[in-house]
Amino acid sequence: MNLSPEPHPRTTRAIGYRHNLPTRDPSSLIEEVVKIGPMGPHDLLVEVKAVSVNPVDVKVRAGSPTSDLRVLGFDAAGTVLEVGTEVTLFAPGDDVFYAGSIARPGTNQQLHLVDERITGPKPSTLSFADAASMPLTAITAWESLFDRLALNSESVGALLVVGATGGVGSLIVQLARALMPGVKVIATASDEIRGDWVRDLGAHHFVNHRSDLAPQVLSLAPEGVDWIFTAHSAGQIATYATLLRPFGAIVAIDDGPRDVAPLKAKSISWHWELMFTRSLQQTADMIEQHKLLHEIAGLVDAGTVQPTATEVLSPISAETLREAHRRVETGRTVGKVVLEGWAKEMPDRTSRGSH
């Protein structure tokens with residue numbers, strides 16, 4: 001039976017796209033009223049209070065056009081309104097944060113369905129805006145370190161974090177310092193100001209990735225590094241092969257190179273990390289994302305890990321979302337761009353369905 005007092009509404013406000021247009025075009029992202037899909041047995045209906053914008057949002061928006069409104073958004077924080085018939089992890093009234101699934105409508109809608117098994121309890125010490133900055137990047141960072149690279153609290157060695165000022169890199173640095181005391185963290189950034197950011201997050205060393213990377217890193221780790229996390233691997237394979245020790249490992253979150261042959265001589269392993277794999281493939285261990293988000297919430301509430309929201313825009317609207325996409329598209333953002341609080345009313349032209 002449904003544990004909520006009344007059935008969920010059939011429609012909600014949502015922001016998405018139909019055409020691949022630049023952000024300066026008002027039609028690149030539009031707001032409409034859309035139907036809410038049927039609630040699955042493990043689903044939560046969440047009232048979304050805040051969302052953030054990730055590079056994947058920009059990438060998907062630049063992809064194939066669609067006849068129906070494609071709702072983006074892969075981070076949210078909000079309050080559970082209703083639960084599905086088999087939900088055991090949450091109840092109506094619980095505050096949650098999550099990244100959702102790329103196979104379902106995104107989080108840029110006022111009411112949103114998400115599987116409880118990929119949802120975590122919102123850190124109690126955070127605002128909804130700060131909480132919304134974390135899920136996708138925290139899941140990606142956690143899976144990169146512990147699932148792909150198989151690191152743990154006993155690991156000893158050197159970790160190079162390429163792209164440490166981004167959302168994921170910022171969490172990689174913090175988790176490595178907090179949970180792996182034997183790992184030396186070398187973080188890359190593009191200038192001294194961003195270098196200060198990664199050092200404040202806990203990196204032992206900062207190197208400038210706009211200069212020749214190899215001599216800088218090898219001056220800090222003369223025998224090479226043991227692991228590389230990279231958000232920018234295109235054209236870097238030869239450099240990574242130089243920097244890594246034999247039997248080292250790389251985990252990449254970008255689209256990566258097509259030729260990894262230079263890694264063979266040292267038996268270096270290459271790993272992909274896509275945090276949507278569990279939800280997309282409906283793997284038997286989907287609940288691991290709930291568990292890790294629970295761990296992240298505990299680390300945040302203990303003051304061990306901090307959120308990475310650096311820009312907060314308000315309200316959540318097509319206009320502010322276009323501005324957030326524009327900022328992320330520059331590739332120069334530090335941390336995360338977050339939106340919070342829905343406007344009380346939709347713009348007249350979108351409520352009439354024009355775009």
# chains A, B, ... in the order shown; residues from 1 in each chain; ligands from 1

$ residues_around --residues "Pro22 (chain A)" --least-positions-apart "6" --cutoff "10 Å" --atoms "only C-alpha atoms" --output "PDB file with C-alpha atoms, in the first residue's frame"
ATOM      1  CA  SER A  28      17.936  26.823 -25.178  1.00  0.00           C
ATOM      2  CA  LEU A  29      16.265  25.970 -21.862  1.00  0.00           C
ATOM      3  CA  ARG A  61      22.062  19.571 -23.825  1.00  0.00           C
ATOM      4  CA  ALA A  62      24.508  19.751 -26.743  1.00  0.00           C
ATOM      5  CA  ARG A 322      20.799  29.140 -18.689  1.00  0.00           C
ATOM      6  CA  HIS A 325      25.020  26.398 -17.963  1.00  0.00           C
ATOM      7  CA  ARG A 326      26.891  29.337 -19.463  1.00  0.00           C
TER       8      ARG A 326
END

$ select_by_dssp --residues "region 12-213 of chain A" --states "helix (DSSP H, G or I)" --output "ChimeraX atom specification"
/A:55-61,116-118,128-132,135-148,167-179,192-201,213

$ write_last_selection --atoms "N, CA and C atoms" --output "short mmCIF file (atom, residue, chain, number, x, y, z; two decimals), in the first residue's frame"
data_model
loop_
_atom_site.label_atom_id
_atom_site.label_comp_id
_atom_site.auth_asym_id
_atom_site.auth_seq_id
_atom_site.Cartn_x
_atom_site.Cartn_y
_atom_site.Cartn_z
N PRO A 55 29.03 19.27 -15.64
CA PRO A 55 29.40 19.21 -17.05
C PRO A 55 28.53 18.25 -17.87
N VAL A 56 28.01 17.19 -17.24
CA VAL A 56 27.15 16.26 -17.98
C VAL A 56 25.88 16.95 -18.45
N ASP A 57 25.37 17.94 -17.71
CA ASP A 57 24.19 18.68 -18.15
C ASP A 57 24.47 19.39 -19.47
N VAL A 58 25.61 20.06 -19.52
CA VAL A 58 26.00 20.78 -20.73
C VAL A 58 26.20 19.82 -21.89
N LYS A 59 26.84 18.69 -21.61
CA LYS A 59 27.11 17.70 -22.64
C LYS A 59 25.82 17.13 -23.22
N VAL A 60 24.87 16.78 -22.36
CA VAL A 60 23.60 16.23 -22.84
C VAL A 60 22.81 17.28 -23.62
N ARG A 61 22.80 18.52 -23.12
CA ARG A 61 22.06 19.57 -23.83
C ARG A 61 22.60 19.81 -25.23
N GLU A 116 14.99 5.03 -4.11
CA GLU A 116 15.57 5.17 -2.77
C GLU A 116 16.99 4.61 -2.68
N ARG A 117 17.31 3.62 -3.53
CA ARG A 117 18.59 2.93 -3.43
C ARG A 117 19.76 3.77 -3.93
N ILE A 118 19.47 4.90 -4.61
CA ILE A 118 20.54 5.80 -5.05
C ILE A 118 20.40 7.18 -4.37
N PHE A 128 19.96 23.24 1.86
CA PHE A 128 19.61 22.48 0.67
C PHE A 128 20.55 22.83 -0.48
N ALA A 129 20.93 24.11 -0.58
CA ALA A 129 21.82 24.53 -1.67
C ALA A 129 23.17 23.85 -1.56
N ASP A 130 23.78 23.86 -0.38
CA ASP A 130 25.08 23.21 -0.21
C ASP A 130 24.97 21.70 -0.43
N ALA A 131 23.89 21.11 0.05
CA ALA A 131 23.71 19.66 -0.12
C ALA A 131 23.59 19.30 -1.60
N ALA A 132 22.92 20.15 -2.37
CA ALA A 132 22.73 19.86 -3.80
C ALA A 132 24.03 19.93 -4.58
N PRO A 135 26.01 15.41 -4.46
CA PRO A 135 25.79 13.98 -4.75
C PRO A 135 26.55 13.41 -5.94
N LEU A 136 26.41 14.00 -7.13
CA LEU A 136 27.07 13.42 -8.30
C LEU A 136 28.58 13.40 -8.12
N THR A 137 29.14 14.49 -7.64
CA THR A 137 30.59 14.53 -7.50
C THR A 137 31.08 13.61 -6.39
N ALA A 138 30.31 13.53 -5.29
CA ALA A 138 30.71 12.67 -4.18
C ALA A 138 30.64 11.19 -4.59
N ILE A 139 29.59 10.81 -5.29
CA ILE A 139 29.47 9.42 -5.74
C ILE A 139 30.61 9.10 -6.70
N THR A 140 30.86 9.99 -7.65
CA THR A 140 31.92 9.76 -8.63
C THR A 140 33.28 9.64 -7.96
N ALA A 141 33.55 10.54 -7.01
CA ALA A 141 34.83 10.52 -6.31
C ALA A 141 34.97 9.24 -5.49
N TRP A 142 33.93 8.87 -4.76
CA TRP A 142 33.97 7.67 -3.91
C TRP A 142 34.21 6.42 -4.76
N GLU A 143 33.42 6.28 -5.83
CA GLU A 143 33.56 5.09 -6.69
C GLU A 143 34.92 5.07 -7.38
N SER A 144 35.43 6.24 -7.76
CA SER A 144 36.75 6.30 -8.40
C SER A 144 37.84 5.78 -7.46
N LEU A 145 37.82 6.25 -6.23
CA LEU A 145 38.87 5.89 -5.28
C LEU A 145 38.74 4.46 -4.77
N PHE A 146 37.53 4.09 -4.35
CA PHE A 146 37.37 2.84 -3.62
C PHE A 146 36.92 1.67 -4.48
N ASP A 147 36.15 1.94 -5.54
CA ASP A 147 35.69 0.86 -6.41
C ASP A 147 36.63 0.64 -7.59
N ARG A 148 37.06 1.71 -8.25
CA ARG A 148 37.89 1.55 -9.45
C ARG A 148 39.37 1.36 -9.08
N GLY A 167 34.31 19.89 -9.58
CA GLY A 167 33.49 19.32 -8.53
C GLY A 167 33.97 17.98 -8.05
N VAL A 168 34.29 17.06 -8.98
CA VAL A 168 34.75 15.73 -8.59
C VAL A 168 36.15 15.80 -7.98
N GLY A 169 37.05 16.51 -8.64
CA GLY A 169 38.41 16.62 -8.12
C GLY A 169 38.45 17.17 -6.71
N SER A 170 37.59 18.14 -6.42
CA SER A 170 37.53 18.73 -5.07
C SER A 170 37.16 17.68 -4.03
N LEU A 171 36.27 16.76 -4.39
CA LEU A 171 35.88 15.70 -3.46
C LEU A 171 36.94 14.61 -3.38
N ILE A 172 37.60 14.32 -4.52
CA ILE A 172 38.69 13.34 -4.51
C ILE A 172 39.76 13.76 -3.50
N VAL A 173 40.17 15.02 -3.55
CA VAL A 173 41.20 15.52 -2.65
C VAL A 173 40.76 15.35 -1.20
N GLN A 174 39.54 15.75 -0.90
CA GLN A 174 39.06 15.70 0.49
C GLN A 174 38.94 14.27 1.00
N LEU A 175 38.39 13.38 0.19
CA LEU A 175 38.22 12.00 0.63
C LEU A 175 39.56 11.31 0.82
N ALA A 176 40.49 11.57 -0.09
CA ALA A 176 41.81 10.95 0.02
C ALA A 176 42.50 11.38 1.31
N ARG A 177 42.44 12.68 1.61
CA ARG A 177 43.10 13.17 2.83
C ARG A 177 42.40 12.66 4.09
N ALA A 178 41.07 12.58 4.04
CA ALA A 178 40.32 12.20 5.24
C ALA A 178 40.40 10.72 5.55
N LEU A 179 40.42 9.89 4.50
CA LEU A 179 40.25 8.45 4.70
C LEU A 179 41.49 7.62 4.39
N GLU A 192 47.77 30.05 -9.33
CA GLU A 192 48.04 30.06 -7.89
C GLU A 192 46.76 30.19 -7.07
N ILE A 193 45.80 30.97 -7.56
CA ILE A 193 44.54 31.13 -6.80
C ILE A 193 43.84 29.78 -6.67
N ARG A 194 43.75 29.06 -7.80
CA ARG A 194 43.14 27.74 -7.76
C ARG A 194 44.02 26.74 -7.01
N GLY A 195 45.33 26.98 -7.03
CA GLY A 195 46.22 26.17 -6.24
C GLY A 195 45.94 26.31 -4.75
N ASP A 196 45.65 27.54 -4.32
CA ASP A 196 45.29 27.76 -2.92
C ASP A 196 44.01 27.02 -2.57
N TRP A 197 43.06 26.97 -3.51
CA TRP A 197 41.79 26.25 -3.29
C TRP A 197 42.06 24.78 -3.01
N VAL A 198 42.88 24.13 -3.82
CA VAL A 198 43.09 22.69 -3.63
C VAL A 198 43.94 22.42 -2.39
N ARG A 199 44.86 23.32 -2.07
CA ARG A 199 45.63 23.16 -0.84
C ARG A 199 44.72 23.30 0.38
N ASP A 200 43.78 24.24 0.32
CA ASP A 200 42.83 24.41 1.42
C ASP A 200 41.96 23.17 1.59
N LEU A 201 41.70 22.45 0.49
CA LEU A 201 40.91 21.23 0.57
C LEU A 201 41.72 20.06 1.14
N LEU A 213 53.67 19.01 -17.24
CA LEU A 213 53.26 18.33 -16.02
C LEU A 213 54.33 17.39 -15.48
#

$ residues_around --residues "Glu154 (chain A)" --least-positions-apart "5" --cutoff "9 Å" --atoms "only C-alpha atoms" --output "list in words"
Met180, Pro181, Gly182 and Val183 of chain A

$ atom_distance --atom1 "CA of Val162 (chain A)" --atom2 "CA of Ser233 (chain A)"
8.5 Å

$ closest_residue --among "A:Gly248, A:Gly37, A:Gly73, A:Gly120" --to "Ile287 (chain A)" --atoms "only C-alpha atoms"
A:Gly120

$ closest_residue --among "A:Gly298, A:Pro41, A:Gly16, A:Pro262" --to "Thr66 (chain A)" --atoms "only C-alpha atoms"
A:Gly16

$ closest_residue --among "A:Leu81, A:Ile250, A:Ile268, A:Leu45" --to "Trp227 (chain A)" --atoms "only C-alpha atoms"
A:Ile250

$ select_by_dssp --residues "region 13-55 of chain A" --states "strand (DSSP E)" --output "list in words"
Arg13, Ala14, Ile15, Gly16, Tyr17, Ile30, Glu31, Glu32, Val33, Val34, Lys35, Asp43, Leu44, Leu45, Val46, Glu47, Val48, Lys49, Ala50, Val51, Ser52 and Val53 of chain A

$ write_last_selection --atoms "N, CA and C atoms" --output "PDB file, in the first residue's frame"
ATOM      1  N   ARG A  13       6.141  21.473 -12.577  1.00  0.00           N
ATOM      2  CA  ARG A  13       6.954  22.393 -13.364  1.00  0.00           C
ATOM      3  C   ARG A  13       8.300  21.749 -13.630  1.00  0.00           C
ATOM      4  N   ALA A  14       8.813  21.947 -14.839  1.00  0.00           N
ATOM      5  CA  ALA A  14      10.107  21.368 -15.200  1.00  0.00           C
ATOM      6  C   ALA A  14      10.810  22.277 -16.194  1.00  0.00           C
ATOM      7  N   ILE A  15      12.150  22.188 -16.207  1.00  0.00           N
ATOM      8  CA  ILE A  15      12.970  22.974 -17.130  1.00  0.00           C
ATOM      9  C   ILE A  15      13.806  22.010 -17.954  1.00  0.00           C
ATOM     10  N   GLY A  16      13.763  22.198 -19.283  1.00  0.00           N
ATOM     11  CA  GLY A  16      14.529  21.315 -20.154  1.00  0.00           C
ATOM     12  C   GLY A  16      14.743  21.943 -21.515  1.00  0.00           C
ATOM     13  N   TYR A  17      15.029  21.106 -22.511  1.00  0.00           N
ATOM     14  CA  TYR A  17      15.315  21.614 -23.847  1.00  0.00           C
ATOM     15  C   TYR A  17      14.678  20.709 -24.904  1.00  0.00           C
ATOM     16  N   ILE A  30      13.884  25.884 -21.467  1.00  0.00           N
ATOM     17  CA  ILE A  30      12.543  26.437 -21.308  1.00  0.00           C
ATOM     18  C   ILE A  30      11.831  25.736 -20.155  1.00  0.00           C
ATOM     19  N   GLU A  31      10.836  26.420 -19.612  1.00  0.00           N
ATOM     20  CA  GLU A  31      10.062  25.857 -18.497  1.00  0.00           C
ATOM     21  C   GLU A  31       8.658  25.502 -18.972  1.00  0.00           C
ATOM     22  N   GLU A  32       8.207  24.315 -18.595  1.00  0.00           N
ATOM     23  CA  GLU A  32       6.873  23.845 -18.955  1.00  0.00           C
ATOM     24  C   GLU A  32       6.287  23.033 -17.807  1.00  0.00           C
ATOM     25  N   VAL A  33       5.015  22.716 -17.924  1.00  0.00           N
ATOM     26  CA  VAL A  33       4.374  21.761 -17.022  1.00  0.00           C
ATOM     27  C   VAL A  33       4.423  20.391 -17.689  1.00  0.00           C
ATOM     28  N   VAL A  34       4.917  19.399 -16.956  1.00  0.00           N
ATOM     29  CA  VAL A  34       5.052  18.052 -17.514  1.00  0.00           C
ATOM     30  C   VAL A  34       4.372  17.047 -16.602  1.00  0.00           C
ATOM     31  N   LYS A  35       4.081  15.886 -17.159  1.00  0.00           N
ATOM     32  CA  LYS A  35       3.494  14.810 -16.364  1.00  0.00           C
ATOM     33  C   LYS A  35       4.563  14.137 -15.506  1.00  0.00           C
ATOM     34  N   ASP A  43      10.465   3.921  -5.437  1.00  0.00           N
ATOM     35  CA  ASP A  43      10.586   5.345  -5.729  1.00  0.00           C
ATOM     36  C   ASP A  43      10.189   6.227  -4.556  1.00  0.00           C
ATOM     37  N   LEU A  44      10.828   7.387  -4.527  1.00  0.00           N
ATOM     38  CA  LEU A  44      10.451   8.488  -3.655  1.00  0.00           C
ATOM     39  C   LEU A  44       9.954   9.628  -4.533  1.00  0.00           C
ATOM     40  N   LEU A  45       8.901  10.299  -4.114  1.00  0.00           N
ATOM     41  CA  LEU A  45       8.515  11.546  -4.760  1.00  0.00           C
ATOM     42  C   LEU A  45       9.078  12.671  -3.898  1.00  0.00           C
ATOM     43  N   VAL A  46       9.987  13.457  -4.490  1.00  0.00           N
ATOM     44  CA  VAL A  46      10.733  14.471  -3.748  1.00  0.00           C
ATOM     45  C   VAL A  46      10.319  15.861  -4.199  1.00  0.00           C
ATOM     46  N   GLU A  47      10.082  16.744  -3.250  1.00  0.00           N
ATOM     47  CA  GLU A  47       9.927  18.166  -3.546  1.00  0.00           C
ATOM     48  C   GLU A  47      11.325  18.764  -3.601  1.00  0.00           C
ATOM     49  N   VAL A  48      11.758  19.139  -4.793  1.00  0.00           N
ATOM     50  CA  VAL A  48      13.133  19.594  -5.013  1.00  0.00           C
ATOM     51  C   VAL A  48      13.288  21.030  -4.517  1.00  0.00           C
ATOM     52  N   LYS A  49      14.255  21.236  -3.639  1.00  0.00           N
ATOM     53  CA  LYS A  49      14.504  22.569  -3.079  1.00  0.00           C
ATOM     54  C   LYS A  49      15.724  23.243  -3.713  1.00  0.00           C
ATOM     55  N   ALA A  50      16.678  22.441  -4.198  1.00  0.00           N
ATOM     56  CA  ALA A  50      17.894  22.997  -4.807  1.00  0.00           C
ATOM     57  C   ALA A  50      18.474  21.977  -5.772  1.00  0.00           C
ATOM     58  N   VAL A  51      19.165  22.478  -6.804  1.00  0.00           N
ATOM     59  CA  VAL A  51      19.822  21.626  -7.796  1.00  0.00           C
ATOM     60  C   VAL A  51      21.182  22.232  -8.106  1.00  0.00           C
ATOM     61  N   SER A  52      22.058  21.449  -8.717  1.00  0.00           N
ATOM     62  CA  SER A  52      23.305  22.017  -9.211  1.00  0.00           C
ATOM     63  C   SER A  52      23.517  21.598 -10.658  1.00  0.00           C
ATOM     64  N   VAL A  53      24.462  22.265 -11.312  1.00  0.00           N
ATOM     65  CA  VAL A  53      24.742  22.008 -12.729  1.00  0.00           C
ATOM     66  C   VAL A  53      26.125  21.365 -12.841  1.00  0.00           C
TER      67      VAL A  53
END
